[in-house]
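Colleague: Just one file: target02.pdb, with PDB, C-alpha atoms.
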```
ATOM      1  CA  MET A1249      15.125 -31.266  26.675
ATOM      2  CA  ASN A1250      11.912 -30.736  28.606
ATOM      3  CA  GLN A1251       8.497 -30.205  27.003
ATOM      4  CA  GLU A1252       8.598 -26.439  27.462
ATOM      5  CA  ASP A1253      11.930 -26.161  25.661
ATOM      6  CA  LEU A1254      10.689 -28.487  22.919
ATOM      7  CA  ASN A1255       7.557 -26.401  22.373
ATOM      8  CA  ARG A1256       9.654 -23.238  22.201
ATOM      9  CA  LEU A1257      11.949 -24.839  19.611
ATOM     10  CA  ILE A1258       8.982 -25.975  17.535
ATOM     11  CA  ASP A1259       7.496 -22.462  17.620
ATOM     12  CA  GLU A1260      10.805 -20.964  16.469
ATOM     13  CA  VAL A1261      11.085 -23.446  13.596
ATOM     14  CA  VAL A1262       7.488 -22.802  12.512
ATOM     15  CA  LYS A1263       8.038 -19.027  12.534
ATOM     16  CA  ARG A1264      11.275 -19.410  10.577
ATOM     17  CA  VAL A1265       9.570 -21.522   7.907
ATOM     18  CA  GLU A1266       6.636 -19.112   7.727
ATOM     19  CA  ASN A1267       8.973 -16.165   7.212
ATOM     20  CA  GLN A1268      10.938 -17.976   4.509
ATOM     21  CA  ASN A1269       7.780 -18.923   2.615
ATOM     22  CA  GLY A1270       5.861 -15.719   3.221
ATOM     23  CA  VAL A1271       5.520 -12.428   1.388
ATOM     24  CA  GLU A1272       7.164  -9.190   2.517
ATOM     25  CA  VAL A1273       4.809  -6.572   3.950
ATOM     26  CA  GLU A1274       5.324  -2.848   3.356
ATOM     27  CA  ALA A1275       3.444  -0.051   5.096
ATOM     28  CA  SER A1276       2.488   2.783   2.779
ATOM     29  CA  GLY A1277       2.031   6.306   4.122
ATOM     30  CA  ARG A1278      -0.207   8.960   2.608
ATOM     31  CA  HIS A1279       0.869   9.930  -0.895
ATOM     32  CA  ILE A1280      -0.364  11.250  -4.208
ATOM     33  CA  HIS A1281       0.082  10.313  -7.856
ATOM     34  CA  LEU A1282      -0.134  13.199 -10.330
ATOM     35  CA  ASP A1283      -0.972  13.450 -14.001
ATOM     36  CA  ARG A1284       0.814  15.788 -16.401
ATOM     37  CA  ALA A1285      -1.771  18.575 -16.217
ATOM     38  CA  THR A1286      -1.651  18.643 -12.406
ATOM     39  CA  ILE A1287       2.157  18.583 -12.330
ATOM     40  CA  ASP A1288       2.235  21.518 -14.736
ATOM     41  CA  ALA A1289      -0.273  23.465 -12.653
ATOM     42  CA  LEU A1290       1.488  22.843  -9.322
ATOM     43  CA  PHE A1291       5.164  22.947 -10.320
ATOM     44  CA  GLY A1292       5.352  24.659 -13.718
ATOM     45  CA  GLN A1293       4.980  23.765 -17.380
ATOM     46  CA  GLY A1294       7.036  20.710 -18.331
ATOM     47  CA  TYR A1295       8.291  20.130 -14.785
ATOM     48  CA  GLU A1296       9.823  16.692 -14.155
ATOM     49  CA  LEU A1297       9.533  14.997 -10.778
ATOM     50  CA  LYS A1298      12.892  14.483  -9.075
ATOM     51  CA  VAL A1299      13.704  11.030  -7.720
ATOM     52  CA  ALA A1300      14.392  10.874  -3.980
ATOM     53  CA  LYS A1301      14.198   7.088  -3.558
ATOM     54  CA  TYR A1302      13.193   4.158  -5.733
ATOM     55  CA  LEU A1303      10.462   1.916  -4.322
ATOM     56  CA  SER A1304      10.009  -1.857  -4.316
ATOM     57  CA  GLN A1305       7.816  -1.805  -7.417
ATOM     58  CA  PRO A1306       9.977  -1.535 -10.558
ATOM     59  CA  GLY A1307      10.123   1.985 -11.964
ATOM     60  CA  GLN A1308       8.187   3.539  -9.078
ATOM     61  CA  PHE A1309       9.793   6.198  -6.904
ATOM     62  CA  ALA A1310       9.210   8.641  -4.082
ATOM     63  CA  SER A1311       9.981  12.096  -5.428
ATOM     64  CA  LYS A1312      11.551  15.056  -3.659
ATOM     65  CA  GLU A1313       8.349  17.016  -4.221
ATOM     66  CA  ARG A1314       5.738  17.439  -1.488
ATOM     67  CA  VAL A1315       2.219  18.881  -1.560
ATOM     68  CA  THR A1316      -0.532  19.794   0.894
ATOM     69  CA  LEU A1317      -4.023  18.259   0.841
ATOM     70  CA  ILE A1318      -6.803  20.481   2.139
ATOM     71  CA  GLY A1319     -10.180  19.185   3.255
ATOM     72  CA  PRO A1320     -13.179  20.963   4.792
ATOM     73  CA  LYS A1321     -12.025  20.283   8.381
ATOM     74  CA  GLY A1322      -8.271  19.813   8.214
ATOM     75  CA  VAL A1323      -4.994  19.818   6.316
ATOM     76  CA  LEU A1324      -2.461  17.095   5.502
ATOM     77  CA  HIS A1325       0.996  18.585   5.104
ATOM     78  CA  ASN A1326       4.130  17.182   3.481
ATOM     79  CA  VAL A1327       2.342  14.598   1.339
ATOM     80  CA  ILE A1328       4.812  12.657  -0.807
ATOM     81  CA  VAL A1329       4.406  12.756  -4.575
ATOM     82  CA  LEU A1330       5.089   9.358  -6.129
ATOM     83  CA  GLY A1331       6.351   8.978  -9.659
ATOM     84  CA  PRO A1332       6.355   8.518 -12.499
ATOM     85  CA  GLU A1333       3.386  10.625 -13.595
ATOM     86  CA  ARG A1334       0.128   8.821 -14.245
ATOM     87  CA  ASN A1335      -2.813   9.242 -16.574
ATOM     88  CA  GLN A1336      -5.027  10.301 -13.641
ATOM     89  CA  ALA A1337      -4.256  12.056 -10.373
ATOM     90  CA  GLN A1338      -4.985   9.977  -7.292
ATOM     91  CA  ALA A1339      -4.391  10.648  -3.587
ATOM     92  CA  GLU A1340      -4.179   7.735  -1.136
ATOM     93  CA  ILE A1341      -4.734   8.436   2.553
ATOM     94  CA  SER A1342      -5.673   6.411   5.633
ATOM     95  CA  ALA A1343      -9.108   6.285   7.248
ATOM     96  CA  THR A1344      -7.623   8.250  10.153
ATOM     97  CA  ASP A1345      -6.449  10.943   7.730
ATOM     98  CA  ALA A1346      -9.926  11.060   6.192
ATOM     99  CA  LEU A1347     -11.484  11.732   9.594
ATOM    100  CA  ALA A1348      -8.921  14.450  10.304
ATOM    101  CA  ILE A1349      -9.740  16.401   7.150
ATOM    102  CA  GLY A1350     -13.492  15.796   7.298
ATOM    103  CA  VAL A1351     -14.024  13.780   4.128
ATOM    104  CA  LYS A1352     -15.834  10.458   3.774
ATOM    105  CA  VAL A1353     -13.376   8.461   1.685
ATOM    106  CA  PRO A1354     -14.155   5.045   0.161
ATOM    107  CA  VAL A1355     -11.859   2.026   0.175
ATOM    108  CA  ARG A1356     -10.892   1.407  -3.442
ATOM    109  CA  GLU A1357      -8.278  -0.350  -5.526
ATOM    110  CA  SER A1358      -5.721   1.936  -7.078
ATOM    111  CA  GLY A1359      -7.065   3.382 -10.324
ATOM    112  CA  ASP A1360     -10.717   2.830  -9.404
ATOM    113  CA  ILE A1361     -11.544   6.461  -8.705
ATOM    114  CA  ALA A1362     -14.880   7.002 -10.462
ATOM    115  CA  GLY A1363     -17.286   8.678  -8.068
ATOM    116  CA  THR A1364     -14.686   9.247  -5.350
ATOM    117  CA  PRO A1365     -14.317  12.593  -3.529
ATOM    118  CA  GLY A1366     -12.067  15.320  -4.827
ATOM    119  CA  ILE A1367      -9.458  17.213  -2.837
ATOM    120  CA  LEU A1368      -7.668  20.557  -2.990
ATOM    121  CA  VAL A1369      -3.948  20.061  -3.677
ATOM    122  CA  MET A1370      -1.516  22.905  -2.961
ATOM    123  CA  ASN A1371       2.157  23.628  -3.576
ATOM    124  CA  GLY A1372       2.965  27.015  -2.105
ATOM    125  CA  SER A1373       0.694  29.556  -3.758
ATOM    126  CA  LYS A1374      -0.346  27.181  -6.554
ATOM    127  CA  SER A1375      -3.341  24.901  -6.213
ATOM    128  CA  VAL A1376      -5.450  22.398  -8.126
ATOM    129  CA  GLN A1377      -8.911  21.206  -7.150
ATOM    130  CA  LEU A1378      -9.193  17.550  -8.093
ATOM    131  CA  SER A1379     -12.785  16.625  -8.930
ATOM    132  CA  GLU A1380     -12.199  13.004  -7.848
ATOM    133  CA  GLY A1381      -9.363  10.678  -6.888
ATOM    134  CA  LEU A1382      -9.235  10.598  -3.080
ATOM    135  CA  ILE A1383      -9.225   7.000  -1.787
ATOM    136  CA  VAL A1384      -8.254   4.747   1.080
ATOM    137  CA  ALA A1385      -6.295   2.052  -0.740
ATOM    138  CA  LYS A1386      -7.686  -1.471  -0.507
ATOM    139  CA  ARG A1387      -5.035  -3.712   1.042
ATOM    140  CA  HIS A1388      -3.420  -5.728  -1.690
ATOM    141  CA  ILE A1389      -0.539  -7.934  -2.774
ATOM    142  CA  HIS A1390       1.464  -7.151  -5.893
ATOM    143  CA  MET A1391       2.638 -10.419  -7.445
ATOM    144  CA  THR A1392       4.861 -11.389 -10.314
ATOM    145  CA  VAL A1393       3.285 -13.753 -12.820
ATOM    146  CA  GLU A1394       5.723 -16.484 -11.736
ATOM    147  CA  ASP A1395       4.896 -16.120  -8.038
ATOM    148  CA  ALA A1396       1.169 -16.095  -8.750
ATOM    149  CA  VAL A1397       1.475 -19.367 -10.678
ATOM    150  CA  LYS A1398       3.506 -20.951  -7.862
ATOM    151  CA  ALA A1399       0.928 -19.863  -5.299
ATOM    152  CA  ASN A1400      -2.015 -20.861  -7.533
ATOM    153  CA  LEU A1401      -3.418 -17.327  -7.367
ATOM    154  CA  GLN A1402      -5.093 -15.205 -10.026
ATOM    155  CA  GLN A1403      -5.486 -11.522 -10.793
ATOM    156  CA  GLY A1404      -8.303 -10.077  -8.693
ATOM    157  CA  GLU A1405      -8.560 -13.061  -6.342
ATOM    158  CA  ILE A1406      -9.492 -12.221  -2.750
ATOM    159  CA  VAL A1407      -7.477 -13.915   0.010
ATOM    160  CA  GLN A1408      -6.807 -13.747   3.718
ATOM    161  CA  VAL A1409      -3.325 -12.916   4.977
ATOM    162  CA  LYS A1410      -1.745 -13.785   8.317
ATOM    163  CA  ILE A1411       0.617 -11.025   9.433
ATOM    164  CA  ASN A1412       3.556 -12.220  11.546
ATOM    165  CA  ALA A1413       4.297  -9.040  13.450
ATOM    166  CA  GLY A1414       4.234  -7.673  16.993
ATOM    167  CA  ARG A1415       0.454  -8.068  17.205
ATOM    168  CA  PRO A1416      -0.223 -10.991  14.814
ATOM    169  CA  LEU A1417      -3.569 -10.930  13.069
ATOM    170  CA  ILE A1418      -5.318 -12.138   9.942
ATOM    171  CA  PHE A1419      -6.454  -9.573   7.383
ATOM    172  CA  ASP A1420      -9.459 -10.493   5.253
ATOM    173  CA  ASP A1421     -10.465  -9.042   1.873
ATOM    174  CA  VAL A1422      -6.938  -8.736   0.448
ATOM    175  CA  VAL A1423      -6.855  -8.445  -3.332
ATOM    176  CA  ILE A1424      -4.211 -10.128  -5.496
ATOM    177  CA  ARG A1425      -2.793  -7.977  -8.291
ATOM    178  CA  VAL A1426      -0.690  -9.813 -10.869
ATOM    179  CA  SER A1427       1.608  -8.289 -13.477
ATOM    180  CA  SER A1428       4.941  -8.916 -15.135
ATOM    181  CA  LYS A1429       5.771  -5.336 -14.099
ATOM    182  CA  PHE A1430       5.361  -6.048 -10.360
ATOM    183  CA  ALA A1431       7.587  -7.267  -7.573
ATOM    184  CA  THR A1432       5.875  -9.533  -5.033
ATOM    185  CA  VAL A1433       5.066  -7.381  -1.991
ATOM    186  CA  MET A1434       2.002  -6.790   0.190
ATOM    187  CA  HIS A1435       0.941  -3.192   0.814
ATOM    188  CA  ILE A1436      -1.020  -1.987   3.844
ATOM    189  CA  ASP A1437      -1.550   1.527   5.160
ATOM    190  CA  TYR A1438      -0.390   2.826   8.533
ATOM    191  CA  ASP A1439      -3.746   2.281  10.236
ATOM    192  CA  GLU A1440      -3.401  -1.401   9.361
ATOM    193  CA  ALA A1441       0.311  -1.400  10.173
ATOM    194  CA  ASN A1442      -0.344  -0.048  13.661
ATOM    195  CA  ALA A1443      -3.100  -2.599  14.203
ATOM    196  CA  CYS A1444      -0.765  -5.551  13.582
ATOM    197  CA  GLY A1445       2.409  -4.128  15.127
ATOM    198  CA  TRP A1446       4.173  -3.956  11.777
ATOM    199  CA  SER A1447       7.893  -3.204  11.552
ATOM    200  CA  LYS A1448      10.314  -3.255   8.656
ATOM    201  CA  GLY A1449      10.973  -6.840   7.614
ATOM    202  CA  THR A1450       7.525  -8.108   8.593
ATOM    203  CA  ARG A1451       6.342 -11.011   6.487
ATOM    204  CA  ALA A1452       2.973 -12.663   6.003
ATOM    205  CA  GLN A1453       1.381 -15.886   4.801
ATOM    206  CA  ILE A1454      -1.363 -15.974   2.189
ATOM    207  CA  ILE A1455      -4.418 -18.038   3.076
ATOM    208  CA  LYS A1456      -6.558 -18.993   0.094
ATOM    209  CA  LYS A1457     -10.220 -18.623   0.862
ATOM    210  CA  SER A1458     -12.396 -21.719   0.395
ATOM    211  CA  LYS A1459     -15.391 -21.585  -1.902
ATOM    212  CA  SER A1460     -17.667 -21.689   1.134
ATOM    213  CA  LEU A1461     -16.311 -18.380   2.504
TER     214      LEU A1461
END
```
Starting from the coordinates I provided, produce the structure as structure tokens.
Modeller:
Amino acid sequence: MNQEDLNRLIDEVVKRVENQNGVEVEASGRHIHLDRATIDALFGQGYELKVAKYLSQPGQFASKERVTLIGPKGVLHNVIVLGPERNQAQAEISATDALAIGVKVPVRESGDIAGTPGILVMNGSKSVQLSEGLIVAKRHIHMTVEDAVKANLQQGEIVQVKINAGRPLIFDDVVIRVSSKFATVMHIDYDEANACGWSKGTRAQIIKKSKSL
């Protein structure tokens, strides 16, 4: 075996080990979470969201329902409603989406919506003006308690993540979210997915940040 073949074999082994030890990466498209009052207003009193597909996080699902988000300069059609219902309505879009509809949207963790922009949500002739809740989701990793212990990571810790995809890169400022209700998966949006050449099955390695960073 010559040196070139040996180097190629080593690279393949390293990639295989990285994939085995890494975390799965999912790309999340624009979507909205609705509270009971907003569901009632858009779909009718007592309406229950219909499950189209269950997601990787236990109990979470993409519903059959779709809505339209209307900003001052543009419209986002066919936005997926995720279930189950939440205590607060929250729409998650990409930075590219935000530019298209003409709204300056902050990067926030899910649930941190105080002071964020509102958005007009429509279903046919019915509409609701949300006073806040429009965010670009901060890239994050959901982790089980067991996986967080194994990786020596804590709730709220900020890490770097190396994405092993078509255009490998390292994402900074990735927040760890730990719960017994989670499955261990990293979530990025489609702007980030396009930047790293993401495809289904992409995995990543977590890089703990040193105290000097």
Colleague: Can you list, as a PyMOL selection string, the residues that the PyMOL selection byres ((chain A and resi 1323-1339) around 9) selects here?
Modeller: chain A and resi 1277-1284+1286-1287+1296-1299+1307-1322+1340-1341+1345+1348-1349+1358-1359+1361+1367+1378+1380-1384
Colleague: Please determine the residues with any atom at most 6 Å from (-14.4, 12.1, -8.7) (coordinates as given in the file, with all atoms listed in the file counting) and report them as an MDAnalysis selection string.
Modeller: chainID A and resid 1362:1366 1379:1381
Colleague: Once the PyMOL selection byres ((chain A and resi 1434) around 7) is applied to the coordinates I shared, what remains selected? I want it as an MDAnalysis selection string.
Modeller: chainID A and resid 1271:1274 1388:1390 1433 1435:1436
Colleague: With a distance cut-off of 8 Å and all atoms listed in the file, select the neighbouring residues of range 1427-1429 of chain A, excluding the residue or stretch itself and same-chain residues fewer than 2 positions from it, and output the selection as a PyMOL selection string.
Modeller: chain A and resi 1305-1306+1390-1393+1425+1431
Colleague: Using the chain letters and numbers from this file, what does the PyMOL selection byres ((chain A and resi 1450) around 7) select? Give the answer as an NGL selection string.
Modeller: :A and (1272-1273 or 1412-1413 or 1446-1449 or 1451-1452)
Colleague: Report the distance between CA of Val1397 in chain A and CA of Val1409 in chain A in Å, rounded to one decimal place.
Modeller: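 It comes out at 17.6 Å.
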Colleague: Using CA of Ser1276 in chain A and CA of Lys1456 in chain A as the two end points, give the distance in Å to one decimal.
Modeller: 23.7 Å
Colleague: Around range 1315-1319 of chain A, fit a box with edges along x, y and z, padding it by 8 Å on each side, then list its centre and edge lengths in Å to one decimal as lines of an AutoDock Vina configuration file.
Modeller:
```
center_x = -4.0
center_y = 19.4
center_z = 0.8
size_x = 28.4
size_y = 18.2
size_z = 20.8
```
Colleague: Compare A:Val1351, A:Ala1443, A:Leu1368, A:Ala1346 by their minimum atom-to-atom distance to Arg1415 in chain A, counting all atoms listed in the file, and give me the closest one.
Modeller: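 Under the stated criterion, the closest residue is A:Ala1443.
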Colleague: When you draw a straight line from CA of Pro1354 in chain A to CA of Arg1387 in chain A, how long is it in Å?
Modeller: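 The value is 12.7 Å.
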Colleague: Go through A:Gly1414, A:Tyr1302, A:Ala1441, A:Asp1288 one by one, measure the shortest atom-to-atom distance of each to Ser1375 in chain A using all atoms listed in the file, and give the residue with the smallest value.
Modeller: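 Checking each of A:Gly1414, A:Tyr1302, A:Ala1441, A:Asp1288 against Ser1375 in chain A, counting all atoms listed in the file, the winner is A:Asp1288.
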Colleague: Generate the coordinates of N, CA and C atoms for range 1266-1289 of chain A; report them as a CSV table (one decimal), in the coordinates of the input.
Modeller:
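To be explicit, this is the file written out as rebuild.csv:
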```csv
chain,number,residue,atom,x,y,z
A,1266,GLU,N,7.7,-20.1,8.2
A,1266,GLU,CA,6.6,-19.1,7.7
A,1266,GLU,C,7.3,-17.9,7.1
A,1267,ASN,N,8.3,-17.4,7.7
A,1267,ASN,CA,9.0,-16.2,7.2
A,1267,ASN,C,9.7,-16.4,5.9
A,1268,GLN,N,10.3,-17.6,5.8
A,1268,GLN,CA,10.9,-18.0,4.5
A,1268,GLN,C,10.0,-18.1,3.4
A,1269,ASN,N,8.8,-18.7,3.7
A,1269,ASN,CA,7.8,-18.9,2.6
A,1269,ASN,C,6.8,-17.8,2.4
A,1270,GLY,N,6.9,-16.8,3.3
A,1270,GLY,CA,5.9,-15.7,3.2
A,1270,GLY,C,6.2,-14.6,2.2
A,1271,VAL,N,5.3,-13.6,2.2
A,1271,VAL,CA,5.5,-12.4,1.4
A,1271,VAL,C,5.9,-11.2,2.3
A,1272,GLU,N,6.8,-10.4,1.8
A,1272,GLU,CA,7.2,-9.2,2.5
A,1272,GLU,C,6.0,-8.2,2.6
A,1273,VAL,N,5.9,-7.5,3.7
A,1273,VAL,CA,4.8,-6.6,4.0
A,1273,VAL,C,5.4,-5.2,4.1
A,1274,GLU,N,4.9,-4.2,3.3
A,1274,GLU,CA,5.3,-2.8,3.4
A,1274,GLU,C,4.2,-2.0,3.8
A,1275,ALA,N,4.5,-1.0,4.7
A,1275,ALA,CA,3.4,-0.1,5.1
A,1275,ALA,C,3.6,1.2,4.2
A,1276,SER,N,2.5,1.6,3.7
A,1276,SER,CA,2.5,2.8,2.8
A,1276,SER,C,1.8,4.0,3.4
A,1277,GLY,N,2.6,5.1,3.6
A,1277,GLY,CA,2.0,6.3,4.1
A,1277,GLY,C,1.2,7.1,3.1
A,1278,ARG,N,0.6,8.1,3.5
A,1278,ARG,CA,-0.2,9.0,2.6
A,1278,ARG,C,0.7,9.5,1.5
A,1279,HIS,N,0.1,9.5,0.3
A,1279,HIS,CA,0.9,9.9,-0.9
A,1279,HIS,C,-0.1,10.3,-2.0
A,1280,ILE,N,0.5,10.9,-3.1
A,1280,ILE,CA,-0.4,11.2,-4.2
A,1280,ILE,C,0.4,10.9,-5.5
A,1281,HIS,N,-0.4,10.5,-6.5
A,1281,HIS,CA,0.1,10.3,-7.9
A,1281,HIS,C,-0.5,11.5,-8.7
A,1282,LEU,N,0.3,12.0,-9.5
A,1282,LEU,CA,-0.1,13.2,-10.3
A,1282,LEU,C,-0.1,12.9,-11.8
A,1283,ASP,N,-1.0,13.5,-12.5
A,1283,ASP,CA,-1.0,13.4,-14.0
A,1283,ASP,C,-0.2,14.7,-14.5
A,1284,ARG,N,0.0,14.7,-15.8
A,1284,ARG,CA,0.8,15.8,-16.4
A,1284,ARG,C,0.2,17.2,-16.2
A,1285,ALA,N,-1.1,17.3,-16.4
A,1285,ALA,CA,-1.8,18.6,-16.2
A,1285,ALA,C,-1.6,19.1,-14.8
A,1286,THR,N,-1.7,18.2,-13.8
A,1286,THR,CA,-1.7,18.6,-12.4
A,1286,THR,C,-0.2,19.0,-12.0
A,1287,ILE,N,0.7,18.2,-12.6
A,1287,ILE,CA,2.2,18.6,-12.3
A,1287,ILE,C,2.5,20.0,-12.9
A,1288,ASP,N,2.0,20.2,-14.1
A,1288,ASP,CA,2.2,21.5,-14.7
A,1288,ASP,C,1.6,22.6,-13.9
A,1289,ALA,N,0.4,22.4,-13.4
A,1289,ALA,CA,-0.3,23.5,-12.7
A,1289,ALA,C,0.4,23.7,-11.3
```
